[in-house]
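Colleague: Contents of model_9.txt (compact mmCIF, C-alpha atoms):
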# COMPACT_ATOMS: atom_id res chain seq x y z
CA MET P 41 38.15 -32.64 -2.06
CA ASP P 42 37.45 -29.41 -3.92
CA PHE P 43 34.06 -27.75 -4.23
CA TRP P 44 34.12 -25.39 -7.22
CA PHE P 45 31.17 -23.06 -7.56
CA ASP P 46 29.85 -19.68 -8.60
CA PHE P 47 27.90 -17.87 -5.89
CA SER P 48 25.03 -17.19 -8.31
CA SER P 49 24.53 -20.89 -9.13
CA PRO P 50 21.39 -22.24 -7.45
CA TYR P 51 22.49 -25.88 -7.81
CA ALA P 52 25.72 -24.88 -6.03
CA TYR P 53 23.62 -23.44 -3.20
CA LEU P 54 21.76 -26.76 -2.94
CA ALA P 55 25.05 -28.69 -2.84
CA SER P 56 26.59 -26.25 -0.36
CA GLU P 57 23.99 -27.21 2.23
CA GLN P 58 25.03 -30.86 2.21
CA LEU P 59 28.61 -31.24 1.12
CA ASP P 60 30.48 -30.47 4.36
CA ALA P 61 28.35 -32.86 6.41
CA LEU P 62 28.72 -35.56 3.77
CA ALA P 63 32.50 -35.17 3.75
CA ALA P 64 32.75 -34.98 7.54
CA ALA P 65 30.83 -38.26 7.87
CA HIS P 66 33.74 -39.85 6.01
CA GLY P 67 36.53 -37.94 7.72
CA ARG P 68 37.13 -35.62 4.78
CA LEU P 69 37.37 -31.85 4.53
CA VAL P 70 36.02 -29.78 1.67
CA ARG P 71 37.96 -26.90 0.17
CA TRP P 72 35.45 -24.32 -1.05
CA ARG P 73 36.62 -22.66 -4.24
CA PRO P 74 34.37 -19.92 -5.60
CA TYR P 75 35.18 -18.92 -9.15
CA LEU P 76 33.47 -17.13 -12.04
CA LEU P 77 31.44 -19.38 -14.28
CA GLY P 78 31.45 -16.62 -16.89
CA VAL P 79 35.22 -16.94 -17.30
CA VAL P 80 34.88 -20.64 -18.08
CA TYR P 81 31.93 -20.06 -20.42
CA ARG P 82 33.96 -17.49 -22.36
CA GLN P 83 36.84 -19.94 -22.65
CA LEU P 84 34.58 -22.79 -23.83
CA GLN P 85 32.36 -20.54 -25.93
CA SER P 86 29.34 -21.95 -24.15
CA ARG P 87 26.27 -20.07 -22.94
CA PRO P 88 24.47 -19.99 -19.60
CA VAL P 89 21.63 -22.52 -19.50
CA THR P 90 19.18 -19.73 -18.74
CA GLU P 91 19.75 -18.33 -22.24
CA LEU P 92 18.95 -21.60 -24.02
CA PRO P 93 15.49 -22.24 -25.46
CA LEU P 94 13.39 -24.72 -23.43
CA LYS P 95 16.34 -25.64 -21.18
CA GLY P 96 16.24 -22.19 -19.60
CA GLU P 97 12.60 -22.55 -18.62
CA TYR P 98 13.15 -26.12 -17.42
CA PHE P 99 16.15 -24.96 -15.36
CA HIS P 100 14.07 -22.56 -13.27
CA HIS P 101 11.38 -25.17 -12.73
CA ASP P 102 13.88 -27.90 -11.86
CA VAL P 103 15.87 -25.76 -9.41
CA ALA P 104 12.77 -24.96 -7.36
CA ARG P 105 11.63 -28.60 -7.46
CA SER P 106 15.10 -29.87 -6.52
CA ALA P 107 15.13 -27.55 -3.50
CA ARG P 108 11.76 -28.94 -2.38
CA PHE P 109 13.05 -32.47 -3.03
CA LEU P 110 16.05 -31.82 -0.76
CA GLY P 111 13.94 -30.02 1.84
CA LEU P 112 15.86 -26.76 1.45
CA PRO P 113 14.39 -23.25 1.52
CA PHE P 114 14.56 -21.49 -1.84
CA ARG P 115 13.10 -18.36 -3.38
CA PRO P 116 13.91 -17.51 -7.03
CA PRO P 117 16.17 -14.46 -6.76
CA GLN P 118 15.72 -11.29 -8.77
CA PRO P 119 17.89 -10.17 -10.52
CA PHE P 120 19.31 -13.48 -11.72
CA PRO P 121 22.07 -14.24 -12.44
CA VAL P 122 24.26 -11.55 -10.87
CA ALA P 123 27.96 -10.72 -10.96
CA THR P 124 29.77 -12.51 -8.15
CA GLN P 125 33.24 -10.97 -8.32
CA GLN P 126 32.89 -9.07 -5.05
CA ALA P 127 31.35 -12.02 -3.21
CA ALA P 128 34.13 -14.35 -4.39
CA ARG P 129 36.96 -11.87 -3.73
CA ALA P 130 35.67 -11.31 -0.21
CA TYR P 131 35.59 -15.08 0.30
CA TYR P 132 39.29 -15.45 -0.50
CA LEU P 133 40.21 -12.50 1.70
CA LEU P 134 38.32 -13.99 4.64
CA GLU P 135 39.63 -17.50 3.99
CA ALA P 136 43.23 -16.25 4.17
CA LYS P 137 42.48 -15.06 7.73
CA ASP P 138 40.03 -17.62 9.10
CA GLU P 139 38.52 -20.56 7.22
CA ALA P 140 35.60 -21.12 9.60
CA LEU P 141 34.64 -17.47 9.25
CA ALA P 142 34.88 -17.74 5.45
CA ARG P 143 32.60 -20.79 5.56
CA ARG P 144 29.95 -18.96 7.62
CA TYR P 145 30.23 -16.05 5.22
CA ALA P 146 29.83 -18.30 2.15
CA HIS P 147 26.68 -19.88 3.58
CA GLY P 148 25.48 -16.36 4.31
CA VAL P 149 26.02 -15.32 0.69
CA PHE P 150 24.19 -18.36 -0.71
CA ARG P 151 21.28 -18.06 1.71
CA GLY P 152 21.19 -14.30 1.39
CA TYR P 153 20.75 -14.61 -2.36
CA PHE P 154 18.66 -17.77 -2.73
CA VAL P 155 16.48 -17.50 0.36
CA ASP P 156 16.35 -13.84 1.43
CA GLY P 157 16.60 -12.14 -1.97
CA ARG P 158 19.61 -9.98 -1.06
CA ASN P 159 21.60 -8.64 -4.02
CA ILE P 160 25.00 -10.27 -3.55
CA ALA P 161 26.42 -8.35 -6.51
CA GLU P 162 26.65 -5.24 -4.30
CA GLU P 163 29.70 -4.64 -2.16
CA THR P 164 27.59 -3.26 0.68
CA THR P 165 25.56 -6.48 0.80
CA VAL P 166 28.71 -8.59 0.67
CA CYS P 167 30.25 -6.63 3.54
CA ALA P 168 27.05 -6.79 5.57
CA ILE P 169 26.91 -10.57 5.18
CA ALA P 170 30.57 -10.81 6.18
CA ALA P 171 29.88 -8.72 9.28
CA GLU P 172 27.00 -11.03 10.22
CA ALA P 173 29.46 -13.93 9.95
CA GLY P 174 31.75 -12.16 12.40
CA ALA P 175 34.14 -10.27 10.10
CA ASP P 176 35.24 -6.67 10.47
CA ALA P 177 33.25 -5.04 7.67
CA ASP P 178 35.37 -1.86 7.54
CA MET P 179 38.59 -3.82 7.16
CA LEU P 180 37.01 -6.02 4.52
CA ARG P 181 35.77 -3.00 2.57
CA ALA P 182 39.25 -1.48 2.62
CA ALA P 183 40.87 -4.76 1.58
CA LEU P 184 38.43 -5.20 -1.32
CA ALA P 185 39.71 -1.94 -2.80
CA GLY P 186 43.24 -3.33 -3.08
CA ASP P 187 44.87 -5.57 -5.67
CA MET P 188 45.08 -8.72 -3.55
CA PRO P 189 41.44 -9.89 -3.83
CA ARG P 190 41.51 -9.35 -7.61
CA SER P 191 44.63 -11.43 -7.89
CA LEU P 192 43.31 -14.19 -5.59
CA LEU P 193 40.15 -14.57 -7.68
CA ARG P 194 42.08 -14.45 -10.93
CA GLU P 195 44.26 -17.28 -9.66
CA ALA P 196 41.17 -19.27 -8.66
CA CYS P 197 39.65 -18.91 -12.14
CA LYS P 198 42.92 -19.94 -13.72
CA ALA P 199 43.09 -22.99 -11.44
CA ALA P 200 39.48 -23.88 -12.33
CA LEU P 201 40.31 -23.83 -16.03
CA GLN P 202 43.42 -25.91 -15.43
CA ALA P 203 41.41 -28.47 -13.45
CA GLY P 204 38.93 -28.77 -16.33
CA VAL P 205 36.06 -27.33 -14.30
CA PHE P 206 33.17 -26.37 -16.60
CA GLY P 207 30.12 -26.06 -14.36
CA SER P 208 28.78 -25.30 -10.90
CA PRO P 209 28.73 -27.11 -8.56
CA TYR P 210 31.75 -29.14 -9.63
CA VAL P 211 33.31 -31.40 -7.01
CA ILE P 212 36.66 -33.14 -7.44
CA ILE P 213 37.54 -35.96 -5.04
CA ASP P 214 41.09 -37.25 -5.47
CA GLY P 215 40.91 -36.39 -9.17
CA GLU P 216 37.40 -37.78 -9.73
CA PRO P 217 35.02 -35.09 -11.07
CA PHE P 218 31.32 -34.80 -10.18
CA TRP P 219 29.23 -32.14 -11.91
CA GLY P 220 25.89 -31.06 -10.50
CA ALA P 221 23.96 -31.18 -7.24
CA ASP P 222 22.32 -34.35 -8.57
CA ARG P 223 25.64 -36.16 -8.20
CA LEU P 224 25.50 -35.90 -4.38
CA PRO P 225 24.37 -39.55 -4.08
CA GLN P 226 27.32 -40.66 -6.22
CA ILE P 227 29.65 -38.49 -4.14
CA ALA P 228 28.30 -40.14 -0.98
CA ARG P 229 28.90 -43.60 -2.43
CA TRP P 230 32.37 -42.59 -3.61
CA LEU P 231 33.36 -41.36 -0.14
CA GLU P 232 31.85 -44.46 1.46
CA SER P 233 33.68 -46.97 -0.69
CA GLY P 234 36.71 -45.06 -1.93
CA GLY P 235 35.51 -45.28 -5.52
CA PHE P 236 33.18 -47.66 -7.33
CA MET F 192 3.42 -40.99 -18.08
CA ASP F 193 5.53 -40.60 -21.19
CA PHE F 194 9.12 -41.76 -21.55
CA TRP F 195 10.74 -39.87 -24.43
CA PHE F 196 14.13 -41.13 -25.56
CA ASP F 197 16.56 -41.68 -28.39
CA PHE F 198 17.81 -45.26 -28.66
CA SER F 199 21.42 -44.06 -28.83
CA SER F 200 21.21 -42.16 -25.53
CA PRO F 201 23.08 -44.02 -22.76
CA TYR F 202 21.28 -42.16 -19.97
CA ALA F 203 18.01 -43.28 -21.59
CA TYR F 204 19.25 -46.88 -21.46
CA LEU F 205 19.96 -46.44 -17.71
CA ALA F 206 16.48 -45.00 -17.13
CA SER F 207 14.84 -47.69 -19.28
CA GLU F 208 16.00 -50.38 -16.86
CA GLN F 209 14.13 -48.84 -13.94
CA LEU F 210 11.21 -46.78 -15.15
CA ASP F 211 8.58 -49.49 -15.71
CA ALA F 212 9.13 -51.07 -12.30
CA LEU F 213 9.04 -47.66 -10.64
CA ALA F 214 5.77 -46.81 -12.36
CA ALA F 215 4.21 -50.22 -11.69
CA ALA F 216 4.97 -49.88 -7.97
CA HIS F 217 2.61 -46.90 -8.01
CA GLY F 218 -0.01 -48.37 -10.31
CA ARG F 219 1.12 -46.37 -13.34
CA LEU F 220 1.96 -47.39 -16.90
CA VAL F 221 4.74 -45.88 -18.98
CA ARG F 222 4.27 -45.03 -22.63
CA TRP F 223 7.63 -45.46 -24.35
CA ARG F 224 8.15 -42.85 -27.06
CA PRO F 225 11.36 -43.15 -29.06
CA TYR F 226 12.16 -40.07 -31.13
CA LEU F 227 15.19 -38.54 -32.81
CA LEU F 228 17.23 -36.25 -30.60
CA GLY F 229 18.86 -34.85 -33.74
CA VAL F 230 15.54 -33.41 -34.90
CA VAL F 231 15.15 -31.51 -31.63
CA TYR F 232 18.79 -30.36 -31.67
CA ARG F 233 18.32 -28.97 -35.18
CA GLN F 234 15.20 -27.12 -34.07
CA LEU F 235 16.91 -25.66 -30.98
CA GLN F 236 20.25 -25.10 -32.72
CA SER F 237 21.94 -27.01 -29.95
CA ARG F 238 24.75 -29.54 -30.23
CA PRO F 239 25.23 -33.05 -28.85
CA VAL F 240 27.06 -32.99 -25.54
CA THR F 241 29.73 -35.27 -27.00
CA GLU F 242 30.82 -32.46 -29.32
CA LEU F 243 31.31 -29.93 -26.52
CA PRO F 244 34.77 -29.30 -25.05
CA LEU F 245 35.30 -30.82 -21.58
CA LYS F 246 31.61 -31.76 -21.27
CA GLY F 247 32.04 -34.42 -23.95
CA GLU F 248 34.85 -36.11 -22.08
CA TYR F 249 33.01 -35.83 -18.77
CA PHE F 250 29.89 -37.31 -20.38
CA HIS F 251 31.63 -40.57 -21.30
CA HIS F 252 33.18 -40.84 -17.85
CA ASP F 253 29.92 -40.04 -16.08
CA VAL F 254 27.81 -42.47 -18.12
CA ALA F 255 30.06 -45.40 -17.22
CA ARG F 256 30.19 -44.36 -13.56
CA SER F 257 26.42 -43.85 -13.43
CA ALA F 258 25.91 -47.38 -14.79
CA ARG F 259 28.15 -48.79 -12.06
CA PHE F 260 26.32 -46.64 -9.50
CA LEU F 261 23.00 -48.13 -10.61
CA GLY F 262 24.43 -51.65 -10.85
CA LEU F 263 23.70 -51.93 -14.57
CA PRO F 264 25.91 -53.58 -17.19
CA PHE F 265 27.40 -51.11 -19.64
CA ARG F 266 30.08 -51.17 -22.31
CA PRO F 267 30.88 -47.96 -24.24
CA PRO F 268 29.54 -48.69 -27.75
CA GLN F 269 31.48 -48.07 -30.94
CA PRO F 270 30.46 -46.32 -33.15
CA PHE F 271 28.75 -43.72 -30.97
CA PRO F 272 26.32 -42.12 -31.44
CA VAL F 273 24.50 -43.90 -34.27
CA ALA F 274 21.43 -43.14 -36.36
CA THR F 275 18.34 -44.60 -34.72
CA GLN F 276 15.69 -44.08 -37.40
CA GLN F 277 15.34 -47.78 -38.16
CA ALA F 278 15.28 -48.82 -34.52
CA ALA F 279 12.61 -46.23 -33.70
CA ARG F 280 10.49 -46.96 -36.77
CA ALA F 281 10.53 -50.67 -35.97
CA TYR F 282 9.44 -49.83 -32.42
CA TYR F 283 6.31 -48.03 -33.60
CA LEU F 284 5.46 -50.81 -36.06
CA LEU F 285 5.74 -53.42 -33.32
CA GLU F 286 3.88 -51.28 -30.80
CA ALA F 287 0.91 -50.97 -33.16
CA LYS F 288 0.62 -54.77 -33.07
CA ASP F 289 1.66 -55.76 -29.56
CA GLU F 290 2.91 -53.43 -26.85
CA ALA F 291 4.55 -56.13 -24.72
CA LEU F 292 6.48 -57.33 -27.76
CA ALA F 293 7.55 -53.75 -28.52
CA ARG F 294 8.77 -53.37 -24.94
CA ARG F 295 10.87 -56.55 -25.12
CA TYR F 296 12.24 -55.31 -28.44
CA ALA F 297 13.11 -51.88 -27.01
CA HIS F 298 15.01 -53.44 -24.10
CA GLY F 299 16.75 -55.62 -26.68
CA VAL F 300 17.83 -52.57 -28.68
CA PHE F 301 19.16 -50.73 -25.62
CA ARG F 302 21.00 -53.77 -24.26
CA GLY F 303 22.19 -54.80 -27.70
CA TYR F 304 23.82 -51.42 -28.19
CA PHE F 305 25.01 -50.53 -24.68
CA VAL F 306 25.94 -53.97 -23.40
CA ASP F 307 26.63 -56.22 -26.39
CA GLY F 308 28.06 -53.68 -28.83
CA ARG F 309 25.62 -54.47 -31.65
CA ASN F 310 25.21 -51.76 -34.27
CA ILE F 311 21.57 -50.75 -33.90
CA ALA F 312 21.85 -48.36 -36.86
CA GLU F 313 21.67 -51.38 -39.19
CA GLU F 314 18.33 -52.75 -40.31
CA THR F 315 19.56 -56.34 -40.12
CA THR F 316 20.50 -55.85 -36.45
CA VAL F 317 17.17 -54.19 -35.71
CA CYS F 318 15.28 -57.07 -37.34
CA ALA F 319 17.40 -59.68 -35.55
CA ILE F 320 16.67 -58.03 -32.19
CA ALA F 321 12.96 -57.91 -33.04
CA ALA F 322 13.03 -61.62 -33.92
CA GLU F 323 14.68 -62.40 -30.58
CA ALA F 324 11.81 -60.52 -28.91
CA GLY F 325 9.33 -62.75 -30.73
CA ALA F 326 8.51 -60.72 -33.86
CA ASP F 327 8.32 -62.01 -37.41
CA ALA F 328 11.54 -60.57 -38.86
CA ASP F 329 10.51 -60.99 -42.49
CA MET F 330 7.24 -59.16 -41.97
CA LEU F 331 9.03 -56.42 -40.07
CA ARG F 332 11.62 -56.00 -42.82
CA ALA F 333 8.89 -55.70 -45.43
CA ALA F 334 6.95 -53.22 -43.31
CA LEU F 335 10.05 -51.06 -42.73
CA ALA F 336 10.28 -50.52 -46.50
CA GLY F 337 6.84 -48.88 -46.56
CA ASP F 338 5.71 -45.35 -45.75
CA MET F 339 3.95 -46.15 -42.49
CA PRO F 340 7.01 -46.40 -40.20
CA ARG F 341 8.43 -43.16 -41.62
CA SER F 342 5.19 -41.38 -40.93
CA LEU F 343 4.84 -42.84 -37.41
CA LEU F 344 8.32 -41.64 -36.44
CA ARG F 345 7.78 -38.24 -38.03
CA GLU F 346 4.63 -37.85 -35.94
CA ALA F 347 6.52 -38.86 -32.80
CA CYS F 348 9.23 -36.25 -33.44
CA LYS F 349 6.58 -33.62 -34.05
CA ALA F 350 4.83 -34.59 -30.81
CA ALA F 351 8.15 -34.40 -28.94
CA LEU F 352 8.73 -30.86 -30.17
CA GLN F 353 5.18 -29.90 -29.26
CA ALA F 354 5.62 -31.32 -25.76
CA GLY F 355 8.79 -29.24 -25.31
CA VAL F 356 11.03 -32.31 -25.08
CA PHE F 357 14.68 -31.30 -25.48
CA GLY F 358 16.69 -34.23 -24.13
CA SER F 359 16.86 -37.96 -23.49
CA PRO F 360 15.61 -39.45 -21.27
CA TYR F 361 12.76 -37.01 -20.78
CA VAL F 362 9.84 -38.18 -18.66
CA ILE F 363 6.54 -36.34 -18.39
CA ILE F 364 4.16 -37.30 -15.57
CA ASP F 365 0.80 -35.56 -15.79
CA GLY F 366 2.49 -32.55 -17.40
CA GLU F 367 5.48 -32.47 -15.03
CA PRO F 368 8.79 -32.80 -16.94
CA PHE F 369 11.87 -34.67 -15.66
CA TRP F 370 15.06 -34.54 -17.72
CA GLY F 371 17.83 -37.06 -17.16
CA ALA F 372 18.37 -40.46 -15.57
CA ASP F 373 19.51 -38.60 -12.45
CA ARG F 374 15.93 -37.44 -11.91
CA LEU F 375 14.73 -41.01 -11.18
CA PRO F 376 14.71 -40.32 -7.40
CA GLN F 377 12.54 -37.24 -7.98
CA ILE F 378 10.27 -39.27 -10.27
CA ALA F 379 9.92 -41.90 -7.53
CA ARG F 380 9.00 -39.25 -4.96
CA TRP F 381 6.56 -37.63 -7.42
CA LEU F 382 4.78 -40.94 -8.03
CA GLU F 383 4.72 -41.69 -4.30
CA SER F 384 3.23 -38.41 -3.22
CA GLY F 385 1.42 -37.16 -6.32
CA GLY F 386 3.73 -34.16 -6.57
CA PHE F 387 5.86 -32.30 -4.05
Could you write out this structure as C-alpha cells?

Modeller:
Amino acid sequence: MDFWFDFSSPYAYLASEQLDALAAAHGRLVRWRPYLLGVVYRQLQSRPVTELPLKGEYFHHDVARSARFLGLPFRPPQPFPVATQQAARAYYLLEAKDEALARRYAHGVFRGYFVDGRNIAEETTVCAIAAEAGADADMLRAALAGDMPRSLLREACKAALQAGVFGSPYVIIDGEPFWGADRLPQIARWLESGGF
Amino acid sequence: MDFWFDFSSPYAYLASEQLDALAAAHGRLVRWRPYLLGVVYRQLQSRPVTELPLKGEYFHHDVARSARFLGLPFRPPQPFPVATQQAARAYYLLEAKDEALARRYAHGVFRGYFVDGRNIAEETTVCAIAAEAGADADMLRAALAGDMPRSLLREACKAALQAGVFGSPYVIIDGEPFWGADRLPQIARWLESGGF
C-alpha cells in the first residue's frame, strides 16, 4: 500500500502517526511516498484549501480538533504552508540507503513541523532532523546539492499524477484510493476484510 | 444543533440516517435545515466537487463505499445532481405544521432519491413522498404555488450564508461546526463530552 503525502500537510501528519501500525496489524507494509501537492494543484488548476473563503478558516479549526480527537500533539506551525522540496528530496536519498532510517526521518520532519515549530523548508533543519534520525548530515548535505535528489522527487511527482493522486494524505491499497486522514477507519476495515 | 444540508447531497443522506439517534442518545434535538448548496457555491465562487477533475470521480466512488461502510442502502441516482428547490420548500411548509411529519418526509426524500431512484426535482414526486409521510398532497401542492415556501427557503439560504455554512452535511453544535458525514465520530465525541 502506498502513502502519498506532502510534508506540509497536517492531515498527512495525523495519518502518518497511525498508518504503519494499522498496516502491520494486518501483515502489510506501507510505502511512504512524499510528493509536492503544488505540482498536482498546478496540473488540476485547483487551489490550496487555505486560500478558499470559509473553507480555509474551517480547515485550521478542523485540523486542530482532529488532532485532539486522535490524541496527537499538534501546534499550528508558522509559516504555513512551506516548501517541502528539500524535505522530500532528503527522504528519497535516505530511503535509497536505509528505509528504517528514512521512516524515522519522516516522522522527525512531521513532528518537527507540526509539534515543535521547526521550519522544514530550510535545508539546515532538514539535515539536522536527518542527523537526529541517525543519518550522516554532512553526506546528506553534499548529496542534496547533486542532481539525483531532484530527479528522484520529479519521478515521484510524475508517479503521483499517473496514479491519480490529488490530495494529501492519499492512500492506495491494491488500487483502492482513500483520501484524507478521516478515511483511516475505512482503511482499517478494508485491511481487515480485504475490501467491503 | 443544526443540520444544514441539500437534499441532493449523498453525504447528507448518509448523515441523515444517523444524526437524530446520535443526538437523542445525548438528550439533544436536531433542527433539520435544508438549503440550496448552489446558492452558497455562487456566493463563494466555488464549484461542485462532481465538476472537478479526479475529485469528481473519486467522489462517486467514495460515496458508494462510505454507504457500504456505514451499512446503509445506496444506489447512485440518475440524474445527479438535481434541483432541490421544491423538495426544500415542501419541507419548510410541512415543518411549520408538524415537525415529525416533516422529518418522515425528509427521510422519504433522501431515501427516494438515493435508494429508490425517484426524481426529487419533480413536484409530483415531492408531493407523493409527502403523502406517503402522511401529508395532504393536494393542500401541499396548492401551498407550493404560493409565495410562502419561496420566502421560507430564501430565508434558510440567507441564514446558511450568515452561519458560514459552505457544504453539506454541515452540522453546528452550540457554535461548533462539523463538515461532512465523516465527522460523525467527532460529533459523537463532542456530544458525549461537551467538547474536546

Colleague: Which one of P:Ala146, P:Leu62, P:Val122, P:Ala203 sits closest to chain F if you count only C-alpha atoms?

Modeller: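 Closest candidate: P:Ala203.
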
Colleague: Leaving out Tyr226 in chain F and any residue of its chain fewer than 2 positions from it, which residues lie within 12 Å of it when counting only C-alpha atoms, given as a PDB file with C-alpha atoms, keeping the file's coordinate frame?

Modeller:
ATOM      1  CA  ASP F 193       5.530 -40.600 -21.190  1.00  0.00           C
ATOM      2  CA  PHE F 194       9.120 -41.760 -21.550  1.00  0.00           C
ATOM      3  CA  TRP F 195      10.740 -39.870 -24.430  1.00  0.00           C
ATOM      4  CA  PHE F 196      14.130 -41.130 -25.560  1.00  0.00           C
ATOM      5  CA  ASP F 197      16.560 -41.680 -28.390  1.00  0.00           C
ATOM      6  CA  PHE F 198      17.810 -45.260 -28.660  1.00  0.00           C
ATOM      7  CA  SER F 199      21.420 -44.060 -28.830  1.00  0.00           C
ATOM      8  CA  SER F 200      21.210 -42.160 -25.530  1.00  0.00           C
ATOM      9  CA  ALA F 203      18.010 -43.280 -21.590  1.00  0.00           C
ATOM     10  CA  TRP F 223       7.630 -45.460 -24.350  1.00  0.00           C
ATOM     11  CA  ARG F 224       8.150 -42.850 -27.060  1.00  0.00           C
ATOM     12  CA  LEU F 228      17.230 -36.250 -30.600  1.00  0.00           C
ATOM     13  CA  GLY F 229      18.860 -34.850 -33.740  1.00  0.00           C
ATOM     14  CA  VAL F 230      15.540 -33.410 -34.900  1.00  0.00           C
ATOM     15  CA  VAL F 231      15.150 -31.510 -31.630  1.00  0.00           C
ATOM     16  CA  TYR F 232      18.790 -30.360 -31.670  1.00  0.00           C
ATOM     17  CA  ALA F 274      21.430 -43.140 -36.360  1.00  0.00           C
ATOM     18  CA  THR F 275      18.340 -44.600 -34.720  1.00  0.00           C
ATOM     19  CA  GLN F 276      15.690 -44.080 -37.400  1.00  0.00           C
ATOM     20  CA  GLN F 277      15.340 -47.780 -38.160  1.00  0.00           C
ATOM     21  CA  ALA F 278      15.280 -48.820 -34.520  1.00  0.00           C
ATOM     22  CA  ALA F 279      12.610 -46.230 -33.700  1.00  0.00           C
ATOM     23  CA  ARG F 280      10.490 -46.960 -36.770  1.00  0.00           C
ATOM     24  CA  ALA F 281      10.530 -50.670 -35.970  1.00  0.00           C
ATOM     25  CA  TYR F 282       9.440 -49.830 -32.420  1.00  0.00           C
ATOM     26  CA  TYR F 283       6.310 -48.030 -33.600  1.00  0.00           C
ATOM     27  CA  ARG F 341       8.430 -43.160 -41.620  1.00  0.00           C
ATOM     28  CA  LEU F 343       4.840 -42.840 -37.410  1.00  0.00           C
ATOM     29  CA  LEU F 344       8.320 -41.640 -36.440  1.00  0.00           C
ATOM     30  CA  ARG F 345       7.780 -38.240 -38.030  1.00  0.00           C
ATOM     31  CA  GLU F 346       4.630 -37.850 -35.940  1.00  0.00           C
ATOM     32  CA  ALA F 347       6.520 -38.860 -32.800  1.00  0.00           C
ATOM     33  CA  CYS F 348       9.230 -36.250 -33.440  1.00  0.00           C
ATOM     34  CA  LYS F 349       6.580 -33.620 -34.050  1.00  0.00           C
ATOM     35  CA  ALA F 350       4.830 -34.590 -30.810  1.00  0.00           C
ATOM     36  CA  ALA F 351       8.150 -34.400 -28.940  1.00  0.00           C
ATOM     37  CA  LEU F 352       8.730 -30.860 -30.170  1.00  0.00           C
ATOM     38  CA  VAL F 356      11.030 -32.310 -25.080  1.00  0.00           C
ATOM     39  CA  PHE F 357      14.680 -31.300 -25.480  1.00  0.00           C
ATOM     40  CA  GLY F 358      16.690 -34.230 -24.130  1.00  0.00           C
ATOM     41  CA  SER F 359      16.860 -37.960 -23.490  1.00  0.00           C
ATOM     42  CA  PRO F 360      15.610 -39.450 -21.270  1.00  0.00           C
ATOM     43  CA  TYR F 361      12.760 -37.010 -20.780  1.00  0.00           C
TER      44      TYR F 361
END

Colleague: Please indicate the distance in Å from CA of Phe236 in chain P to CA of Pro244 in chain F, rounded to one decimal place.

Modeller: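 Going from CA of Phe236 in chain P over to CA of Pro244 in chain F covers 25.6 Å.
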
Colleague: Considering all atoms listed in the file, extract the chain P residues located within 12 Å of chain F and return them as a ChimeraX atom specification.

Modeller: /P:80-81,83-87,89,91-99,101-111,201-207,210,216-230,233,235-236

Colleague: Since we have the selection now, will you write its residues out, keeping C-alpha atoms, as an mmCIF file, in the coordinates of the input?

Modeller:
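Result went into part25.cif, see below:
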data_model
loop_
_atom_site.group_PDB
_atom_site.id
_atom_site.type_symbol
_atom_site.label_atom_id
_atom_site.label_comp_id
_atom_site.auth_asym_id
_atom_site.auth_seq_id
_atom_site.Cartn_x
_atom_site.Cartn_y
_atom_site.Cartn_z
ATOM 1 C CA VAL P 80 34.880 -20.640 -18.080
ATOM 2 C CA TYR P 81 31.930 -20.060 -20.420
ATOM 3 C CA GLN P 83 36.840 -19.940 -22.650
ATOM 4 C CA LEU P 84 34.580 -22.790 -23.830
ATOM 5 C CA GLN P 85 32.360 -20.540 -25.930
ATOM 6 C CA SER P 86 29.340 -21.950 -24.150
ATOM 7 C CA ARG P 87 26.270 -20.070 -22.940
ATOM 8 C CA VAL P 89 21.630 -22.520 -19.500
ATOM 9 C CA GLU P 91 19.750 -18.330 -22.240
ATOM 10 C CA LEU P 92 18.950 -21.600 -24.020
ATOM 11 C CA PRO P 93 15.490 -22.240 -25.460
ATOM 12 C CA LEU P 94 13.390 -24.720 -23.430
ATOM 13 C CA LYS P 95 16.340 -25.640 -21.180
ATOM 14 C CA GLY P 96 16.240 -22.190 -19.600
ATOM 15 C CA GLU P 97 12.600 -22.550 -18.620
ATOM 16 C CA TYR P 98 13.150 -26.120 -17.420
ATOM 17 C CA PHE P 99 16.150 -24.960 -15.360
ATOM 18 C CA HIS P 101 11.380 -25.170 -12.730
ATOM 19 C CA ASP P 102 13.880 -27.900 -11.860
ATOM 20 C CA VAL P 103 15.870 -25.760 -9.410
ATOM 21 C CA ALA P 104 12.770 -24.960 -7.360
ATOM 22 C CA ARG P 105 11.630 -28.600 -7.460
ATOM 23 C CA SER P 106 15.100 -29.870 -6.520
ATOM 24 C CA ALA P 107 15.130 -27.550 -3.500
ATOM 25 C CA ARG P 108 11.760 -28.940 -2.380
ATOM 26 C CA PHE P 109 13.050 -32.470 -3.030
ATOM 27 C CA LEU P 110 16.050 -31.820 -0.760
ATOM 28 C CA GLY P 111 13.940 -30.020 1.840
ATOM 29 C CA LEU P 201 40.310 -23.830 -16.030
ATOM 30 C CA GLN P 202 43.420 -25.910 -15.430
ATOM 31 C CA ALA P 203 41.410 -28.470 -13.450
ATOM 32 C CA GLY P 204 38.930 -28.770 -16.330
ATOM 33 C CA VAL P 205 36.060 -27.330 -14.300
ATOM 34 C CA PHE P 206 33.170 -26.370 -16.600
ATOM 35 C CA GLY P 207 30.120 -26.060 -14.360
ATOM 36 C CA TYR P 210 31.750 -29.140 -9.630
ATOM 37 C CA GLU P 216 37.400 -37.780 -9.730
ATOM 38 C CA PRO P 217 35.020 -35.090 -11.070
ATOM 39 C CA PHE P 218 31.320 -34.800 -10.180
ATOM 40 C CA TRP P 219 29.230 -32.140 -11.910
ATOM 41 C CA GLY P 220 25.890 -31.060 -10.500
ATOM 42 C CA ALA P 221 23.960 -31.180 -7.240
ATOM 43 C CA ASP P 222 22.320 -34.350 -8.570
ATOM 44 C CA ARG P 223 25.640 -36.160 -8.200
ATOM 45 C CA LEU P 224 25.500 -35.900 -4.380
ATOM 46 C CA PRO P 225 24.370 -39.550 -4.080
ATOM 47 C CA GLN P 226 27.320 -40.660 -6.220
ATOM 48 C CA ILE P 227 29.650 -38.490 -4.140
ATOM 49 C CA ALA P 228 28.300 -40.140 -0.980
ATOM 50 C CA ARG P 229 28.900 -43.600 -2.430
ATOM 51 C CA TRP P 230 32.370 -42.590 -3.610
ATOM 52 C CA SER P 233 33.680 -46.970 -0.690
ATOM 53 C CA GLY P 235 35.510 -45.280 -5.520
ATOM 54 C CA PHE P 236 33.180 -47.660 -7.330
#

Colleague: For Pro272 in chain F, which of F:Ala287, F:Leu220, F:Ile311, F:Met330 is the closest residue, counting only C-alpha atoms?

Modeller: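 The answer is F:Ile311, which sits nearest to Pro272 in chain F.
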